[in-house]
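**Student:** The following block contains the structure, expressed as structure tokens.
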Amino acid sequence: MKIPSLKQAVAQMVMPRIEGKQLPDASYRSAMAALAEEGIGGFILFGGDIDSTPRYLAELQSRAEFPLLISSDVERGLGQQLEGGTHFPSQRAVASAIGRRSKKDLDLLDRMLDAVRVESRAAGIHIVFSPVMDVNNNPDNPIICTRSFGEDPETVEWFGRHYIRGLQKPRSDGHRDLLACAKHFPGHGDTDQDSHSVLPIIRADRARLNHVELPPFREAVKDGVGTVMIAHLLVPALDPVKPVTFSKKVVTALLREGMEFSGLIVSDALDMGALTGEYPQDEIAIRAVEAGMDILLHPVDARATIDAVVKAVEQGRLTETRIRESGDRIMAAKKQLGLYEKEQKPARKIDYEKHRNIARELGRKAVSLLRGDKKKLPLDRKKGVACFVLDDDGQGMGATFSRALMGGFGTVTTTTLTPDVSSADLSSHLDLSSVGSVVIAVFSRISASKGRSGISPKLRDAAFDILRRAKAAGKRSAVISFDSPYILDQFEDADVLIAGYDRMDAIQEAAAEMLAGSV
């Protein structure tokens, strides 16, 4: 289908944010419908629920001049965004859970990806911004970390291939339910900075990039990934002057031409601090299109972005041919997804409990003993456990883990410590004479603009103090991280180190059972 006007073609390239939780509000829904009627290309969905959000999205589709592409960040399944959807473990947890030579494990992985695909499409989503293809080769990375499959390019390639094929599995009618997205090109793993706040610099030379960062993306393109997301980075070995988002050398010459990628090239969110601190919104949009972007994701103002790009064409800075190329690719993607079909097949009833069981099985298999041996597990079950929960984000975490410990040990004394912990707070809880073992559970989530993946200095020092006292008292100790596994590198005094890679309930329960020797 051809797009009649230049402005309509530009509008197809723009994908603003839509809040699922606000869609029940008639005035908000009316504002989103106005964008749809004006020809916006689609939306990136945040929040909502599995009952109402699909209905409201369908209503918007009915009012759109062209079919809407709905995208969403569902790296951990639909439950990451919509209440009632299934929340699967992080990519790092999945990589830990799946034995690549096990047919049973491969079947489990396939069933997980089937569940993500079915749930997402039933919710009205067409592009899932997954899998993360970054090689997380910097332990201090504050934003990728467990979102990556790991530190090894081959591991990232292997799991990425399975995610792409599972998410993009063709239907019997030849269309696809979803397009997957390889992100964040050319690789956001080797940095200790977060592009939500600043512009990170990847200082690797071209040889290292070709050996580590780029291979997973090359394989993703070979595997037919439908979209690739461009990271907000400065990579001097590829372009010493321009951020990747603005670099024609990287976006067009390397990805589009060099890797022969024919799908949709998507910017990372255009409202992120990596760019907004240095450039006005109209310049961000224009420079991204100059570089070769097809979809301008999450601009601050959708209409202002459209107007800026149209004006750039009228002034000769951009060509209409360049805009039409992206428009044609977007329309081809919508056709591939079956969005032009007049009679959409009714969604089949989804067995969410079955999907949750898959998630629980994956979670239980993900827990890894990184240090310690059979002689140090189980911990002493006779005298009970002193459990210290390091709640780095102050989110009230640890209840599930504490309950699971009680199931294995009976007597559990739980103390929750937050980043503002003081010596006085800690001292009253450090009489360890009556317990058999000491357990430290670390919760420190990976989130945008947090700026670190480790725990606060006060919590770290408190944990060191606890372990020193446990050792002096002759008590066996264990540290479990339910987020970044790299946190565990600091705790050399612990007898046992366990990585959960995710804080979902099944992982917390499995970690407690490992300590009690009941798995």
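In the structure tokens, the first chain shown is A, the next is B, and so on; residue numbers restart at 1 for each chain, and ligands run from 1 in the order shown.
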Determine which residues of range 167-362 of chain A receive a DSSP assignment of strand (DSSP E), computed from the backbone, and state them as a ChimeraX atom specification.

**Tutor:** /A:181-185,227-230,264-267,296-297

**Student:** Could you give me the residues within range 198-335 of chain A that DSSP places in alpha helix (DSSP H), as an MDAnalysis selection string?

**Tutor:** chainID A and resid 206:208 215:222 248 273:276 281:291 302:314 320:335

**Student:** Can you tell me, as a ChimeraX atom specification, what residues are no more than 7 Å from His188 in chain A when counting only C-alpha atoms, ignoring any on the same chain fewer than 4 positions away?

**Tutor:** /A:134,184,231

**Student:** I'd like the neighbourhood of Gly454 in chain A as a VMD selection string, where a residue qualifies if any of its atoms comes within 12 Å (using only C-alpha atoms), though same-chain residues fewer than 4 positions away should be ignored.

**Tutor:** chain A and resid 139 to 143 145 192 390 to 393 419 442 to 447 450 458 to 460 481 to 490

**Student:** Using only C-alpha atoms, find the one residue out of A:Glu283, A:Asp271, A:Asp110, A:Glu119 that sits nearest to Val94 in chain A.

**Tutor:** A:Asp110

**Student:** Which residue gives the smallest distance to Leu45 in chain A among A:Ser30, A:Phe409, A:Gly77, A:Leu82, with only C-alpha atoms counted?

**Tutor:**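 Nearest to Leu45 in chain A: A:Leu82.
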
**Student:** Name all residues at most 12 Å from Asp239 in chain A (count only C-alpha atoms; drop same-chain ones fewer than 3 positions away) and give them as a PyMOL selection string.

**Tutor:** chain A and resi 186+201-203+205-206+233-236+242-251+253-254+291
